[in-house]
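In what follows, a single structure is set out as structure tokens and then discussed.
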Amino acid sequence: MLDWWLPENVSTYGQEIDWLFHLIYYITGATFVLVFVTMLAFIVMYRDRPGRRARYTHGNTPLEIAWTIVPALILVILTFLSVPAWSKIKMHVPPTDFDVNVTAKQFNWQVGYPGSDKVFLDEMHVPVNKVVRVHLRSQDVIHSFFVPQFRMKQDAVPGREIVQWFEVMKPGKYEWPCAELCGFGHSGMRGWIYVHTPEEYAQWAAENLEGKGKK
Amino acid sequence: MRRALGAVLAAAVVAGVLLFVQRPGPVDAQGGGTVEVTVTYNGAPVVEKLKVNKDTEKCGTEAVIEKVVVGSNKGLANAVVSVPSAKGAPRMAKVTVDQHGCKFVPHVTAMMPGELDLKNSDDILHNIHTYSTANPSINKAQPKFKKLMMEKFEKPEIIKLTCDVHSWMLGWVAVLPTPFFAVTDAGGAAKIESVPAGKQTVEVWHETLGKQTKEVDVKAGQVAKVSFEMKK
Amino acid sequence: MSVTSASAHAHVEHAGHHELGFIRTYVFSTDHKMIARQFLFLGLLMMILGGLLALVVRWELAWPETPVPGLGRILTETGGILEPSQYNMAFTMHATIMIFFVIMPILAGAFGNFCIPLMIGARDMAFPFLNMLSFWVAALAGVLMLAGFFVPGGHAAAGWTSYAPLSAVPEYTGVNWGQNLWCISLFVLGISSMMGAINYITTIINMRAPGMKLFRMPLVVWSLFITAILLLLALPVLTSGVAMLLFDRTLGTSWFKPSGGGEPLLWQHLFWYFGHPEVYILILPAMGIASEILPVFCRKPIFGYHAMAFSMIAIAFLSWVVYGHHMFVSGMNPALGMAFTVTTMIIAVPSAIKTFNWLGTLWGARIQFTVPMLNALAFVSMFVIGGLSGIFMASTPVDIYIQDTYFIVAHIHYVVFGGSIFGAFAAIYYWFPKMFGRMTNTVLGHLHFWPTFVFFNLTFFPMHIIGVGGQMRRIYNPMQYEFLQHQQHWNVFITVSALLLGLGQIPFVINFFWSLFAGKKAPLNPWNANTLEWTASSPPPHLNWGPTLPTVYRGPYEYSSPESRDDWLPQTAPPVTAAGARRH
């Protein structure tokens, strides 16, 4: 039920994130139902009634061991399942020739392309099905590059450059908010990422980026 | 009795002398002359265009940032001319800067130390963010329901005015120590009236092209013409 | 080592001889019970302010840029409409006040002070004067924090997490003295916490009554003991951090400002190294309280006493090595993300153990649905939800999406409200008779509990939904974003529920004050509970007991024991036969 609310995913690694999200959702959902049904059952079954005496027990060691090991195993498995996706998304950038520079500031995204002096405010144009390497900087405070439909988020920290990547599978216009409190203009700080077909992108680049030919 | 009278007389004399000394200088129309300034620039106008993606209903889809505005006859607009050497009574007129169409209107405002009215006639969130050294800098949001804000600038200085929500917005507030100033119009002309007679220094300042000064001899009731040619 | 009966006798005689005036009895008291009440009042008063700030935040989210009822007189320039900078201040101060001036004073300050000496059989804390200081230093911190509302530029507005450089450079927020006072207040409060921690640890180690072995201590005392250790070790890091931040703001240092060679992430490391143990400081006492109340109203021992004690120790130990999960997308080396995801998943295990043991306590019980029990049951169930939502965030890839969304806000509130606050309510209803010598009104107790429980869930559960939908934290107008507009109706639903939740606290306020003055006089042991505090009168006198301190013969949860015809057997009841006594 919860996952009906996820925005449509259009990025490659977003699929792995969504898969993990669903897995955890089912595991926690099942646990939730199990615990709540048990609790409600106990509350009803073991409510105080005259003539009853409570069961005098201090615990059950085998049970204790069981309910330590089972959750631990489940959690360890979840950890192992999470590692490959994290490594892929945050620790390795696939080889690509498409770079974009993004410098965040209060309260805009400043976008630039290598080889061009032009600065775009709050808009980025990229081709579909291409690994886009983002060089993320900030010129004042911490902002956060968040594109819900790419399942992408990375804080932009002043004083350093952080390299991130994404690859989008569907052309479209995607909303790009800032996700880290950056001042009174944080609410409303938002850009647009336009994902074009290769032909559309080539046309946009020719019109807008001096000196940048077809990509 | 005599001593009292003497004291009163002495006080009257002292007061009289003080009054004479403090008497306001010849500011009124009879005393001064007019300085007409022409500012020109031989180069090309510098205008940057930027595509706007925020608040497009008010800001439009394109912002125009005019760094150097050149009008007819090579006239340079938005230059502040002043006569810093001349002293006079402060101007009373209220100075206002409006954030309209996601632009600071006027682009350059000149004022004496005192209060500045900041209007937000757009129906969106704007921001007053000033960059200054002598005056404390201001960084305040001006949301759409706060149509008027007032800020004080007490020290003479050229202050940069920006809006962080719309980062192409740029304005300037020149806080001047003298009431004798004007901002050049589209043709590069500015007229300052009632300047005290005598040798005065006329200064021009432009946001991109910098400062220049010239000496001018102001004669009462006459027009003194000064022209500046700004260079890069 | 406990006070010998001879010196105790002399001490009691001596105490009877001086009449402490009003100031020494009610203001600068060194009696742990009075200090406990002072902390309780501080926390409850601040809860009103923290709650109102939350409602202001909620109003803005449901109906952005409309006048907030009641604020017209304060926000005169805009007729009551909240400006974006004031919104930032509202949520910053809501969280700061709730965490530092509500939950910590009530759970650690009030119940730590009240329960520890009484439940281990001590006459007072090890350092009564230091104890008195710890309250007044906290009160001073409270005054400093409140002062920030009245300075030009307004109060701190960089979030309760106060990330640099937003918080380190006044120009970035336009806030000047407000943020400085925030730093100074927390510095002072840190000192208060450290004083209290030293006292609690020393008292528990050194002043237990004869027979009160460590593993016969009630679990609430265990929880407060472990909490005190966390306080002692974590607060100095925050205290240092806020000092560094203050210096960056006022003295021109650059710990966190890149322009001067500083590192913004250093603030996050320092803050969360404190911050994660801090959230366990907030929840452990509530866990202890639940573990205390459940056996009493189940009329059977806590299931797995040793597991409960050891799991709290494990949580405390692990809390130091999980903090990086707040920083997965911060720009910190992603390899650290790998390490922190492992530890974060593991820390869920001791909490799971505790949940199962609470369920085990309910199994085969004779459950009495008193008001404290209802609140304790709410604690257990709401904590489960909060804990389960944490697992989503523990997985680093999922956290990429979830971080800084309302899913986190939902998790936070399920654990601190669903957990800590229900725990606090449970403790207040349970120990009110002992603290104030009066019973609370049961009808009002139900009138408080049920609306609170229902509207709490209606307020915070939908936040999981809008968080998954991508709504970011700390924005004031979701309608500015196209992808959020379709779920705005949830924001309205949440706000209406929150307003009703706020109204639901009125019976509590009425109950509290009415019972203070006109509640039925409390008997010695209204709940037929086993622990030591119920052998002292309601309320206990100065020095808690008469000339003889209690002696402890057994553990605290011997309910429905075969050794007793009653369904309870106090810790102080001498054994019928030495041979039959069960070893603990």
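Following the order of the structure tokens, first chain is A, next is B, and so on, with residues numbered from 1 inside each chain and ligands from 1 in the order they appear.
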
*Find the spatial neighbours of Gly112 of chain A, counting only C-alpha atoms, within a cut-off of 10 Å - ignore same-chain residues fewer than 5 positions away - and output them as a PyMOL selection string.*
chain A and resi 99-103+117-121+123-124+135+209

Using C-alpha atoms, can you export the residues from the last selection as an mmCIF file, in the first residue's frame?
```
data_model
loop_
_atom_site.group_PDB
_atom_site.id
_atom_site.type_symbol
_atom_site.label_atom_id
_atom_site.label_comp_id
_atom_site.auth_asym_id
_atom_site.auth_seq_id
_atom_site.Cartn_x
_atom_site.Cartn_y
_atom_site.Cartn_z
ATOM 1 C CA ASP A 99 29.790 15.715 -17.740
ATOM 2 C CA VAL A 100 27.731 18.459 -16.171
ATOM 3 C CA ASN A 101 28.821 20.986 -13.586
ATOM 4 C CA VAL A 102 26.303 21.934 -10.939
ATOM 5 C CA THR A 103 27.050 24.610 -8.404
ATOM 6 C CA ASP A 117 30.934 29.455 -20.479
ATOM 7 C CA LYS A 118 27.198 29.674 -20.332
ATOM 8 C CA VAL A 119 25.529 29.305 -16.962
ATOM 9 C CA PHE A 120 22.011 27.949 -16.841
ATOM 10 C CA LEU A 121 19.842 28.611 -13.859
ATOM 11 C CA GLU A 123 17.686 23.740 -15.707
ATOM 12 C CA MET A 124 19.754 20.861 -16.997
ATOM 13 C CA HIS A 135 30.285 17.489 -10.657
ATOM 14 C CA LEU A 209 26.007 25.654 -26.078
#
```

*Please determine the contact residues of chain B with respect to chain A at a cut-off of 8 Å, counting only C-alpha atoms, and supply them as a list of chain:residue names.*
B:Leu50, B:Lys51, B:Val52, B:Asn53, B:Lys54, B:Ala141, B:Asp164, B:Val165, B:His166, B:Ser167

*Find the residues around segment 496-506 of chain C up to 9 Å (only C-alpha atoms counted), leave out those fewer than 5 positions away in its own chain, and share them as number ranges by chain.*
C: 51-52, 54-55, 58-59, 62, 447-460, 491, 511

*Up to 7 Å from chain A, what residues of chain C turn up? Count only C-alpha atoms and give them as a PyMOL selection string.*
chain C and resi 84-85+88+165-166+172-173+258+299-304+329-331+334+338+341-342+345-346+349+353+359+362-368+388+392+395-398+400-401+404+465+468-470+472+474-477+480+560-561

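Closest to chain B among C:Val169, C:Val102, C:Ile201, C:Ala138 is C:Val169, based on only C-alpha atoms.
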
*Within 12 Å of chain C, which residues of chain B are there when counting only C-alpha atoms? Please give them as a PyMOL selection string.*
chain B and resi 54-55+123-132+136-150+164-165

Find the residues around Pro574 of chain C up to 9 Å (only C-alpha atoms counted), leave out those fewer than 6 positions away in its own chain, and share them as a compact mmCIF listing (two decimals) with N, CA and C atoms, in the first residue's frame.
```
# COMPACT_ATOMS: atom_id res chain seq x y z
N THR C 551 15.76 -3.56 53.44
CA THR C 551 16.69 -4.62 53.02
C THR C 551 16.00 -5.40 51.90
N VAL C 552 16.79 -5.78 50.90
CA VAL C 552 16.22 -6.41 49.71
C VAL C 552 16.51 -7.90 49.72
N TYR C 553 15.47 -8.70 49.45
CA TYR C 553 15.63 -10.15 49.49
C TYR C 553 15.46 -10.82 48.15
N ARG C 554 14.96 -10.10 47.19
CA ARG C 554 14.67 -10.75 45.90
C ARG C 554 14.61 -9.70 44.80
```

*With distances taken over only C-alpha atoms, which of B:Leu118, B:Met112, B:Ala77, B:Ala190 is nearest to Pro156 of chain B?*
B:Met112

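Going from atom CA of Leu170 of chain B over to atom CA of Ser72 of chain B, you cover 23.6 Å.
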
_Could you pull out the alpha helix (DSSP H) residues of segment 44-171 of chain B, going by DSSP on the backbone, and write them as a ChimeraX atom specification?_
/B:56-59

_Give me the residues near Thr197 of chain A as a PyMOL selection string, where near means some atom within 9 Å (using only C-alpha atoms) and where sequence neighbours in that chain fewer than 2 positions away do not count._
chain A and resi 126-129+170-171+195+199-202

_I'd like the interatomic distance between atom CA of Cys59 of chain B and atom CA of Val108 of chain B, to a tenth of an Å._
19.3 Å

_Using DSSP assignments from the backbone, pull out every residue in segment 5-221 of chain B that falls under strand (DSSP E or B) and give it to me as a PyMOL selection string._
chain B and resi 33-41+46-51+62-68+70+75-76+80-82+96-100+103-105+108-111+114-120+126-131+139-142+148-153+157-162+170-175+181-183+189-195+198-206+210-218
